[in-house]
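**Q** Mind looking over this structure? Questions follow.
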2 protein chains.
Amino acid sequence: MTTTEQHTIDSINFTTNDTTISDLLTRQHEISDLQALDALASWDQQTAMPTGASEVRMHQVATLQGLIHERATAPEIGSLLEQLADKVQVAPFTDADRGLYEKVKRDYDMSTKLPRELVEEMARVSSASVDAWVKARATSNFALFSPWLKRTVDLQREVADRFGYQENRYDALLNIYEPGLTVRKVEQLFEPVRAVSTTLLRRIQESGKQISTACLEQSFPVEKQMELSEKALRTIGYDFERGQLARSAHPFTTSFGAPSDVRLTVRCDEHFLQMSLMAALHEGGHGLYEQGCSPSLVRTLLANGASLGAHESQSRLWENAIGRTIPFWQGKFHILKEVFPEQFEHVDVETFVRALNKVEPSLIRVEADEVTYNLHILIRFELEKALVNGELSVDELPAAWNAKYREYLNIEPANDAEGVLQDVHWTGGFGYFPTYTLGNLYGAQILHSLQSTFPDFETRLASGDTDFVLNWLRERMHVFGAIYLPEKLIERVTGETPDPQYFVRYLTNKFEQIYGL
Amino acid sequence: MTTTEQHTIDSINFTTNDTTISDLLTRQHEISDLQALDALASWDQQTAMPTGASEVRMHQVATLQGLIHERATAPEIGSLLEQLADKVQVAPFTDADRGLYEKVKRDYDMSTKLPRELVEEMARVSSASVDAWVKARATSNFALFSPWLKRTVDLQREVADRFGYQENRYDALLNIYEPGLTVRKVEQLFEPVRAVSTTLLRRIQESGKQISTACLEQSFPVEKQMELSEKALRTIGYDFERGQLARSAHPFTTSFGAPSDVRLTVRCDEHFLQMSLMAALHEGGHGLYEQGCSPSLVRTLLANGASLGAHESQSRLWENAIGRTIPFWQGKFHILKEVFPEQFEHVDVETFVRALNKVEPSLIRVEADEVTYNLHILIRFELEKALVNGELSVDELPAAWNAKYREYLNIEPANDAEGVLQDVHWTGGFGYFPTYTLGNLYGAQILHSLQSTFPDFETRLASGDTDFVLNWLRERMHVFGAIYLPEKLIERVTGETPDPQYFVRYLTNKFEQIYGL
């Protein structure tokens, strides 16, 4: 055993012979088990539940979340945390112990600021909002959704006020998903991203060059697409013994006890292969992260990614930095040909990958190319911030949405279904969209490290090997779950603090090359 | 509104303006929500869960069941029950109030006799037993399962001793599933069933007549079988807006908040259509019962069947008394022809229904015909009783099983996989097999009432109508959920106390006719 291996083992194990740690773990196990059931209820709601069950399910989830809140705010947890505060900082306590202490403390501090009634009310409003959104989107009628969105805004403002903040009410919500994130920080990080995105978009549009996506727009039967998604997931190392693939209206990854049960969904368009295939690689990236966390962390809050941003770094890495490249598809093109022999009989790797990388301003975020993607996020960030700070009312939102799309992407939705109602995200709360861009920044920085570590990175990908990438990510990142805060984790993985310039360079190089700028 | 309708409405609504009732309901809602999540976890485990998740799921379910036990034994429930004991017996309290009181009291009295640790241990042993059983059955190796079965026997004996009993330890377990049921009562009820089954079997075998099942033994692709099952369920009135159909190793029905979310599974054999089709009608009968309970009972223990016996009366009614008859298939044969046009091109209704009714001693209970079915139950009953009373050890069980099959059915399993290991039921506990035969008895009695009420019963079935049956069952039985105890419910539905002679006559008439005896 090398010293690195020994160090990892020391880091990821709890000091279970300490009674404070073991008492805290016992409580964590119970809470974590209940959270897993909450995630299961949500998975079921989105993949299988009959429509007539939505009201009764709303009650079930509210009850469960109320109970989780009751358990997570037990005064005994507070006193265990007090006992640990000092002693956990030194040996024999491990990084896992300290990570647990920090995570539980964060969770406890936040949970105890929210009364149980508020938690249950949020669960009910969220659940009813999903139903309202489905109907509103189907008829492109924002008025059906707006009463619920107003309640969500009010509840989110109440949550932010109860959590507290220094500069900006929205900071309190950002901090839920990415510890320490603030509006000020987001704006600093996003400025170079905005600049590179708009510049590249302008240069591409001015070049007048067009990429054809014809090879992706053939007829692809849905069952075959699911077969391809499964093959793509298997080939990058996703473990179906501890996972599952399903379809849902909006793709997502969830776990009910990582690393043992981590599932994901894709959605399919019969005439556009990109949607399911890239969703598989994206969600697969999330899935690999959770399947890779150390089994020693099971049934704790640490059996998870370090943050949403850290999570998104993995999904975007597999989807874009690997999954939208020629070397990767040189190594894996046979999978495509196996499932769709006729459709890809006359298509070569270069044509296919070019199609996957077509840049075009579009209305739907989840279908956006890498150049315009972060502008969608920027729009959400600015709108959420304005809603939470009372600078924008829900009634003004659709017009504000359309104006931002005109401003940043020079296009405008024909109706609210392809605009403000396009996805389900605003039924749950605010503050996590910025983590999507953070993920892109982290991902590019991690890619740079991978390329430095493996000078033959592209050759190996082209030979069909991706295990070397997964193994490197596992050892350096996945295995630690949420033991380290995201910025510290990125530093451990890449040797540097997070720096948006890696993304700026990645994006510029990639699209200069693709579009021959 | 007729007086009957008014009476029903009075019966099925709670007196929610009484604070004792409303407090009890609040507690019921919480418990019922958690039980729904427990059922969801079990559904998922049997229809979707990846194999690697079994250990973590075991913990989750144990935690949840421990919590349910904690909530169900809250002293506040005891004091609410005391407050209600006398006053609930008179107006303005309703049958629903009294049903709730009785059901909660039964549940509270039982739950408070079991310590939480025992409940959690039972959950863990049950979960691990399922895994052990899967492996044992796959290799026909009873030794892999027997250590777990021994623990189950010990736990069941402990439960029985804690519940208490008058005459027979097994009575305590029977009473869990069918209130008031005892060994003495089962033996009285089963004696005429045993007699008619063995007599009919002997007469059929002596007649030398053979029925061909060739039409059921063609090639039937699994997806097509699922399509047929769905059509069969729709045609008998099962509501997919509040339900779902899936596949599992062992067919079952479950609900996560009846009447809004009631789901079922079938299993398919590509070369034997009967398995999935009859499972669909059987589980459909269970499903119709739960979908028919009054919405006023939602999120309470009353949103369920009156007992397992009452439940089985519905499944066996739709499977056998309706689904294995010529009139029903005269009305519905077009469904078969739509899904399997080639396979049924040259098959007529009579040939098909005869094939569904072939009598032949067989090893597998769930595939047994109506004549031999109850002999399988009798065997389980006798073996369970002996295990619980310490008259038979787990090590002696396989030999005892084989001996009983030789005695009652004159056949013997070639190995334990088709013998004692054939199904998953002994991973969960003992005492409910006798309810399967009770269900057959109740079902025959209900059929008799239906035929008396509708002199044109067969003509209407033959015209394709089954709604008249469902509506009659809904109004008289389903809508009441578990408000009434099973014997009282059967009396309300049929006008008579349960009487096994209806089943004896039903079985004799049916098979004398089919075999021309």
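Labels for the structure tokens follow display order: chains A, B, ..., residues from 1 in each chain, ligands from 1.
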Counting only C-alpha atoms, which residues from chain B have an atom at most 10 Å from any atom of chain A, and could you show them as JSON, numbers by chain?

**A** {"B": [29, 30, 31, 32, 33, 34, 35, 36, 37, 38, 40, 41, 44, 48, 49, 50, 51, 52, 53, 54, 55, 56, 57, 58, 59, 60, 61, 62, 63, 64, 66, 67, 239, 240, 241, 242, 243, 244, 245, 246, 256, 257, 258, 259, 260, 261, 262, 263, 298, 299]}

**Q** Per DSSP on the backbone, what are the helix (DSSP H, G or I) residues of segment 250-352 of chain B, as JSON, numbers by chain?

**A** {"B": [273, 274, 275, 276, 277, 278, 279, 280, 281, 282, 283, 284, 285, 286, 287, 288, 289, 290, 291, 295, 296, 297, 308, 309, 310, 311, 312, 313, 314, 315, 316, 317, 318, 319, 320, 321, 322, 326, 327, 328, 329, 330, 331, 332, 333, 334, 335, 336, 337, 338, 339, 349, 350, 351, 352]}

**Q** Need the shell around Ala482 of chain A: protein/DNA/RNA residues with any atom at most 9 Å away, counting only C-alpha atoms. Skip same-chain ones fewer than 3 positions apart. Format as a VMD selection string?

**A** chain A and resid 96 99 to 100 103 293 301 to 307 478 485 to 486 489

**Q** Could you name the residues that touch Phe457 of chain A at 10 Å or less, counting only C-alpha atoms, but leaving out those on the same chain fewer than 4 positions away, as a list in words?

**A**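 My list of contacting residues is Pro327, Leu447, Leu450, Gln451, Ser452, Thr453, Leu461, Ala462, Asp465, Thr466, Phe468 and Val469 of chain A.
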
**Q** Between atom CA of Ile379 of chain A and atom CA of Gln45 of chain A, measure the distance and give it in Å to one decimal.

**A**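 Distance between the two atoms: 28.8 Å.
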
**Q** I want to know what sits within 12 Å of Leu149 of chain B, based on only C-alpha atoms, with residues of the same chain fewer than 3 positions away left out; could you give that as a count of residues only?

**A** 36
